[in-house]
Every structure is written in structure tokens, then in C-alpha cells.
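Take a look at the structure set out below.
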Amino acid sequence: MTRPARRAAVAALSVTTALALTACAGTSSPAGNTAKKIDVSTTIPSDPVTLTLAYSNDPPTKALIDGFTKKHPNVTIKPQMTPFNDYIKSIKLAMSSDAAPDIAQYNPGAMNSLVPAGLILDLSPWAKAYGWTGKFPPASLEVLSSDKAAKQFGTGSLYAVPGGLSVLGVFYNKKIVKAAPKTLAEFEAAMQKAKDAGQTPLSNGALQVGGFHLWNALLNVTGDVNDYRSWVYGKPGATIENPAALKATQTLADWAKKGYIPSGASATADADALASFAKGDSAFLITGNWVASALETEMKDDVGFFLMPTPSGEPAKVASGASVAYAISSKSKHPNVAAAFLDYLSSPEAAKIEFDGGFMPVDTKAELGAEGLRGEIATAFAPVAQSNGIVPFPDYASPGMIDKLTPGIQGLISDKMTPDAFLRSLQESWDGHHGS
């Protein structure tokens with residue numbers, strides 16, 4: 001597979017070329033008063049340094065730590081892994097404690113409390129020092145930026161950087177579907193053909209996030225990316241009650257009525273939908289690249305990937321995605337060393353680790369030599385990421401949004417909720433957090 005040439009400007013972090021800077025970073029207390037000033041530097045001291053890093057159960061974190069500390073043997077990073085659900089519940093308490101981790105995996109829900117409380121650092125000075133806007137895809141930094149109240153995203157200060165990207169798309173069973181559909185109409189025709197043959201067109205885990213991932217993938221190709229970003233980022237006056245979102249929602253409801261989505265999807269977990277597809281029980285599965293390794297192991301060469309096709313057949317320019325991202329505690333005694341680790345995440349070495357760990361690399365032009373399924377994903381992902389087309393998942397829009405999305409999609413699938421009512425429920429959650 002041919003991949004774009006690696007950017008010459010991206011280089012591994014080097015102590016010998018590090019530049020000490022005179023800029024200062026400040027941390028803010030909840031009242032907005034500056035708590036302390038930090039002399040920002042890209043130099044890693046030669047003395048022994050120990051950091052702690054808190055994260056939830058994602059694949060690449062420990063490997064990234066190993067890669068960084070191999071380059072800087074005087075630095076020790078102690079990982080603290082907590083299962084995802086417990087991590088979300090405990091991270092604010094952990095960051096508030098006297099033993100707060102130096103680096104913490106970022107989560108959208110947690111940011112709503114960590115930023116206003118002044119518990120994580122504004123990374124803007126380090127972004128300038130290291131040139132992060134040229135090393136990380138702009139969209140990946142945009143979504144990790146917010147105002148100090150953490151109400152509006154895509155603006156203000158940077159509070160985390162990505163350590164691996166993901167993209168939402170369509171996996172297909174090559175024994176059932178001979179070629180990836182090029183248009184949305186072709187995709188529907190392929191699902192109808194599978195149904196007519198007595199096969200399940202689309203595995204879906206609407207009991208969890210699979211349902212609204214399906215809706216989001218449709219919205220990506222029917223909606224206006226700027227309108228969607230404004231809504232997810234919390235910009236004043238934004239709304240999801242618009243014609244494009246209604247079209248995507250109606251399409252999903254229609255697919256359910258046509259039998260493309262299993263009637264039991266609302267009671268099916270994501271893992272069960274994945275297992276069903278992997279066994280060859282369905283033609284398609286809509287989820288993220290994080291399942292690629294498992295599908296390659298189970299299905300070998302019988303699985304392929306494409307982004308949700310557009311109505312016109314033009315290549316998709318927008319796809320939902322997220323990132324494993326990391327923030328620095330305002331209580332860290334070694335913020336410059338922690339920032340050096342964050343910079344390492346954009347290096348060529350880290351790109352390989354991120355990709356091998358099941359994520360798309362931060363360096364979207366990295367030469368990976370990928371083949372097979374992950375090669376198809378990388379090929380589809382690169383132009384979207386490089387054109388700033390990665391957008392956040394819809395649950396990012398407000399703290400309680402996921403509690404509207406999941407049952408709402410279940411209601412659409414079972415024909416117990418209308419598309420208009422579904423969108424209204426989402427907007428009510430948005431209004432409750434951002435103000436109407």
C-alpha cells in the first residue's frame with residue numbers, strides 16, 4: 001500500500017536539540033486567581049524524574065510510556081490503570097487529591113469539571129513551544145480546547161493532546177458483499193440484497209453506543225459539518241433540530257422498518273453485535289477502527305472497511321472519531337517533563353505504537369506499511385484527518401447527552417419515538433447545559 005510521504009518536519013524529541021524557553025504558564029484556581037507560574041521549557045533535566053499517569057483500559061498507553069522512557073531513561077512513568085466506568089467516576093477526586101497523577105487520560109465528561117476547577121493545566125504555552133499545531137491534526141486539538149467554564153469547545157485554551165485517533169466507519173463481510181458500496185443508495189441496495197437472501201443486513205448494538213454510532217455515521221454524510229460542529233462544541237444558538245439531522249434520523253427509522261436493523265438490536269450489546277458480525281452472521285457492522293485487530297483475527301481476509309458513503313458518491317470528507325488524549329495536572333511538580341511526553345505522542349516512533357495498539361496515529365502522514373483491513377482503514381482515514389474532517393461523537397455535546405441518545409435510538413428502532421421527538425430530546429439536553 002502506498003502512503004503519503006512522512007513530513008520531514010516531524011522529528012523525535014531530542015534533548016540535544018531542546019530549546020529552553022522563557023514563557024510562563026499559569027494555573028487558575030476556581031475563583032480565577034492565578035495559583036502559580038511555571039517556566040515553560042522543552043528541556044528535559046538529566047536528574048531522575050518520576051511521573052504518574054492515570055488512564056482507563058485502552059491499548060497503547062503502556063507501550064507509549066515504554067517508548068518515551070526508552071528515549072529518556074532518567075524518566076520513570078508509573079501507569080495507574082482504572083476500568084473506564086470507574087475512571088469516569090473517580091478522576092475528579094483523584095485530580096483533587098494531594099497525590100494527583102501528573103498526567104491523566106482526558107475524558108469529555110471529566111473536562112467539564114476539571115477545567116473550571118483549575119485541576120489541569122492550560123497547555124497553550126507548550127503548544128507554542130513545541131509547535132503542536134503543526135504536529136497534531138487541527139481537528140484533534142480543536143475538540144480538546146475550551147473556554148475556562150468548559151461550556152464551549154473548539155475555542156479558548158488547549159487542555160489535552162491526543163495519543164491516538166479513531167474513526168467511525170462500516171465493516172463489511174466480503175463473503176456476502178463483493179465490493180464496498182460507493183453511494184448511500186448502493187449501501188441500502190446491498191442491505192436489501194442481504195435481507196432478500198435471508199441474511200442479517202446490519203449487526204447493531206443499540207443497547208449501548210452502536211445505535212447512535214449508526215445515526216452519527218448517517219448524519220456525517222447528510223448534514224452540514226459546520227452546523228454539527230457548532231452544536232457539539234456548544235456554540236450559542238446551535239441546534240440539532242435541523243433538516244439535515246431530521247433526514248439522517250428518518251433514514252435510520254426507515255432502515256429499521258425495512259428490516260435492515262435487527263428487531264432485537266435494542267437489547268444487543270456492542271460486544272454481541274461485534275461477535276455476530278465476526279461469525280459471518282451479517283453483511284455490515286458500523287463501529288470504529290478499534291475492533292479491527294479482533295476482526296482480522298477472526299475473519300482474516302473476509303472483512304473490509306469503508307467510510308459511510310455519501311448520497312452523491314463523492315469521497316466522504318467527514319467522519320466521526322475521537323482520541324485517546326492526555327492532560328497535565330496543575331499539581332504536577334514536573335509539568336515540563338509531562339509536556340515532553342505529550343510531545344512524544346506526535347513522533348514517528350509513537351505513530352507505530354499507536355497504530356499497533358489499534359488506533360490511527362497522530363501523525364496522519366506516517367509511513368506505516370499497513371496491509372489488509374487496517375491498511376484499508378488507514379487509507380480511508382488519512383484524507384479525512386488531513387482535511388480536518390474528523391468530528392466528535394454526539395455525546396460530547398452535553399454531559400447528559402448519552403442518556404438521551406441511547407434510549408432515543410432504541411425508540412426509533414422500535415417505532416416508539418418519532419424522528420422529531422428524538423431530535424427535540426437531544427436539543428433539550430443541549431439547552432439544559434448550554435442555555436437555549
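Residue numbering restarts at 1 for every chain of the C-alpha cells, chains are lettered A, B, ... in their displayed order, and ligands are numbered from 1 as they appear.
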Would you write out, as JSON lines, a table of all residues in range 235-330 of chain A that have an atom no more than 9 Å from an atom of range 120-130 of chain A, listing for each the closest atom pair and the distance in Å to one decimal, considering only C-alpha atoms and ordering rows by chain and rising residue number?
{"residue": "A:Ala327", "atom": "CA", "partner": "A:Ile120", "partner_atom": "CA", "distance": 6.5}
{"residue": "A:Ile328", "atom": "CA", "partner": "A:Ile120", "partner_atom": "CA", "distance": 5.5}
{"residue": "A:Ser329", "atom": "CA", "partner": "A:Ile120", "partner_atom": "CA", "distance": 4.4}
{"residue": "A:Ser330", "atom": "CA", "partner": "A:Ile120", "partner_atom": "CA", "distance": 4.8}
DSSP-assigned helix (DSSP H, G or I) among range 11-167 of chain A, expressed as a PyMOL selection string:
chain A and resi 15-17+61-71+84-96+108-114+124-130+132-134+138-142
Extract the full set of strand (DSSP E) residues from range 223-308 of chain A according to DSSP on the backbone, and format it as a PyMOL selection string.
chain A and resi 282-288+303-306
Which residue of A:Ser323, A:Val225, A:Phe171, A:Asp403 approaches Met299 in chain A most closely, using only C-alpha atoms:
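Looking only at the distances to Met299 in chain A, the closest residue turns out to be A:Phe171.
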Rank A:Ile377, A:Lys78, A:Ala339, A:Leu412 by their smallest atom-to-atom distance to Thr251 in chain A, using only C-alpha atoms, and report the top residue only.
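Selected residue with least distance to Thr251 in chain A: A:Leu412.
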Give one line per residue of range 204-265 of chain A that approaches range 133-145 of chain A to at most 10 Å, naming the two atoms of the closest pair and their distance in Å to one decimal, counting only C-alpha atoms; sort by chain then ascending residue number and deliver it as CSV.
residue,atom,partner,partner_atom,distance
A:Arg229,CA,A:Val143,CA,9.4
A:Val232,CA,A:Val143,CA,9.3
A:Tyr233,CA,A:Val143,CA,7.6
Under the rule that only C-alpha atoms are counted, which of A:Ile65, A:Thr183, A:Asn107, A:Pro162 is the nearest residue to Glu314 in chain A?
A:Thr183
Mind checking which residues fall within 12 Å of Gly205 in chain A, counting only C-alpha atoms, ignoring those fewer than 6 positions away in the same chain, and posting them as a PDB file with N, CA and C atoms, in the first residue's frame?
ATOM      1  N   GLY A 211     -26.056   2.051  18.477  1.00  0.00           N
ATOM      2  CA  GLY A 211     -27.195   2.710  17.840  1.00  0.00           C
ATOM      3  C   GLY A 211     -26.899   4.138  17.433  1.00  0.00           C
ATOM      4  N   PHE A 212     -26.345   4.915  18.366  1.00  0.00           N
ATOM      5  CA  PHE A 212     -26.113   6.308  17.975  1.00  0.00           C
ATOM      6  C   PHE A 212     -24.858   6.466  17.118  1.00  0.00           C
ATOM      7  N   HIS A 213     -23.982   5.455  17.088  1.00  0.00           N
ATOM      8  CA  HIS A 213     -22.899   5.480  16.111  1.00  0.00           C
ATOM      9  C   HIS A 213     -23.477   5.364  14.700  1.00  0.00           C
ATOM     10  N   LEU A 214     -24.465   4.516  14.523  1.00  0.00           N
ATOM     11  CA  LEU A 214     -25.145   4.388  13.239  1.00  0.00           C
ATOM     12  C   LEU A 214     -25.770   5.709  12.830  1.00  0.00           C
ATOM     13  N   ILE A 261     -32.105  -3.345  10.210  1.00  0.00           N
ATOM     14  CA  ILE A 261     -31.571  -3.393  11.568  1.00  0.00           C
ATOM     15  C   ILE A 261     -32.339  -4.473  12.320  1.00  0.00           C
ATOM     16  N   PRO A 262     -31.682  -5.398  12.975  1.00  0.00           N
ATOM     17  CA  PRO A 262     -32.396  -6.479  13.677  1.00  0.00           C
ATOM     18  C   PRO A 262     -33.374  -5.924  14.706  1.00  0.00           C
ATOM     19  N   SER A 263     -34.517  -6.564  14.824  1.00  0.00           N
ATOM     20  CA  SER A 263     -35.536  -6.112  15.775  1.00  0.00           C
ATOM     21  C   SER A 263     -35.027  -6.188  17.214  1.00  0.00           C
ATOM     22  N   GLY A 264     -34.063  -7.071  17.465  1.00  0.00           N
ATOM     23  CA  GLY A 264     -33.512  -7.205  18.811  1.00  0.00           C
ATOM     24  C   GLY A 264     -32.309  -6.318  19.082  1.00  0.00           C
ATOM     25  N   ALA A 265     -32.013  -5.363  18.198  1.00  0.00           N
ATOM     26  CA  ALA A 265     -30.826  -4.520  18.360  1.00  0.00           C
ATOM     27  C   ALA A 265     -30.848  -3.739  19.665  1.00  0.00           C
ATOM     28  N   SER A 266     -32.049  -3.315  20.098  1.00  0.00           N
ATOM     29  CA  SER A 266     -32.146  -2.510  21.321  1.00  0.00           C
ATOM     30  C   SER A 266     -31.732  -3.279  22.568  1.00  0.00           C
ATOM     31  N   ALA A 267     -31.717  -4.585  22.490  1.00  0.00           N
ATOM     32  CA  ALA A 267     -31.295  -5.411  23.619  1.00  0.00           C
ATOM     33  C   ALA A 267     -29.949  -6.082  23.357  1.00  0.00           C
ATOM     34  N   THR A 268     -29.237  -5.617  22.337  1.00  0.00           N
ATOM     35  CA  THR A 268     -27.961  -6.212  21.951  1.00  0.00           C
ATOM     36  C   THR A 268     -26.804  -5.304  22.343  1.00  0.00           C
ATOM     37  N   ALA A 269     -25.832  -5.842  23.070  1.00  0.00           N
ATOM     38  CA  ALA A 269     -24.653  -5.082  23.468  1.00  0.00           C
ATOM     39  C   ALA A 269     -23.687  -4.973  22.286  1.00  0.00           C
ATOM     40  N   ASP A 270     -22.802  -3.992  22.349  1.00  0.00           N
ATOM     41  CA  ASP A 270     -21.833  -3.794  21.268  1.00  0.00           C
ATOM     42  C   ASP A 270     -20.978  -5.045  21.057  1.00  0.00           C
ATOM     43  N   ALA A 271     -20.549  -5.674  22.141  1.00  0.00           N
ATOM     44  CA  ALA A 271     -19.701  -6.863  22.027  1.00  0.00           C
ATOM     45  C   ALA A 271     -20.439  -8.003  21.331  1.00  0.00           C
ATOM     46  N   ASP A 272     -21.739  -8.121  21.588  1.00  0.00           N
ATOM     47  CA  ASP A 272     -22.521  -9.177  20.953  1.00  0.00           C
ATOM     48  C   ASP A 272     -22.737  -8.888  19.469  1.00  0.00           C
ATOM     49  N   ALA A 273     -22.933  -7.618  19.127  1.00  0.00           N
ATOM     50  CA  ALA A 273     -23.065  -7.249  17.710  1.00  0.00           C
ATOM     51  C   ALA A 273     -21.764  -7.529  16.973  1.00  0.00           C
ATOM     52  N   LEU A 274     -20.652  -7.221  17.606  1.00  0.00           N
ATOM     53  CA  LEU A 274     -19.338  -7.497  17.021  1.00  0.00           C
ATOM     54  C   LEU A 274     -19.141  -8.996  16.820  1.00  0.00           C
ATOM     55  N   ALA A 275     -19.484  -9.779  17.827  1.00  0.00           N
ATOM     56  CA  ALA A 275     -19.311 -11.230  17.742  1.00  0.00           C
ATOM     57  C   ALA A 275     -20.175 -11.820  16.637  1.00  0.00           C
ATOM     58  N   SER A 276     -21.398 -11.318  16.502  1.00  0.00           N
ATOM     59  CA  SER A 276     -22.299 -11.815  15.464  1.00  0.00           C
ATOM     60  C   SER A 276     -21.736 -11.539  14.076  1.00  0.00           C
ATOM     61  N   PHE A 277     -21.229 -10.326  13.879  1.00  0.00           N
ATOM     62  CA  PHE A 277     -20.644  -9.982  12.583  1.00  0.00           C
ATOM     63  C   PHE A 277     -19.395 -10.817  12.317  1.00  0.00           C
ATOM     64  N   LEU A 285     -21.328  -3.980   9.725  1.00  0.00           N
ATOM     65  CA  LEU A 285     -21.240  -3.548  11.112  1.00  0.00           C
ATOM     66  C   LEU A 285     -20.664  -2.141  11.122  1.00  0.00           C
ATOM     67  N   ILE A 286     -21.347  -1.204  11.771  1.00  0.00           N
ATOM     68  CA  ILE A 286     -20.854   0.173  11.867  1.00  0.00           C
ATOM     69  C   ILE A 286     -20.269   0.401  13.249  1.00  0.00           C
ATOM     70  N   THR A 287     -18.968   0.610  13.265  1.00  0.00           N
ATOM     71  CA  THR A 287     -18.267   0.873  14.525  1.00  0.00           C
ATOM     72  C   THR A 287     -16.924   1.500  14.182  1.00  0.00           C
ATOM     73  N   THR A 406     -28.967   7.061  23.598  1.00  0.00           N
ATOM     74  CA  THR A 406     -29.161   5.608  23.614  1.00  0.00           C
ATOM     75  C   THR A 406     -30.628   5.207  23.651  1.00  0.00           C
ATOM     76  N   ILE A 409     -32.462   6.262  20.284  1.00  0.00           N
ATOM     77  CA  ILE A 409     -32.252   5.376  19.138  1.00  0.00           C
ATOM     78  C   ILE A 409     -33.062   4.096  19.306  1.00  0.00           C
ATOM     79  N   GLN A 410     -33.126   3.582  20.532  1.00  0.00           N
ATOM     80  CA  GLN A 410     -33.953   2.403  20.792  1.00  0.00           C
ATOM     81  C   GLN A 410     -35.419   2.677  20.457  1.00  0.00           C
ATOM     82  N   ILE A 413     -35.800   2.647  16.628  1.00  0.00           N
ATOM     83  CA  ILE A 413     -35.743   1.294  16.070  1.00  0.00           C
ATOM     84  C   ILE A 413     -37.048   0.538  16.320  1.00  0.00           C
TER      85      ILE A 413
END
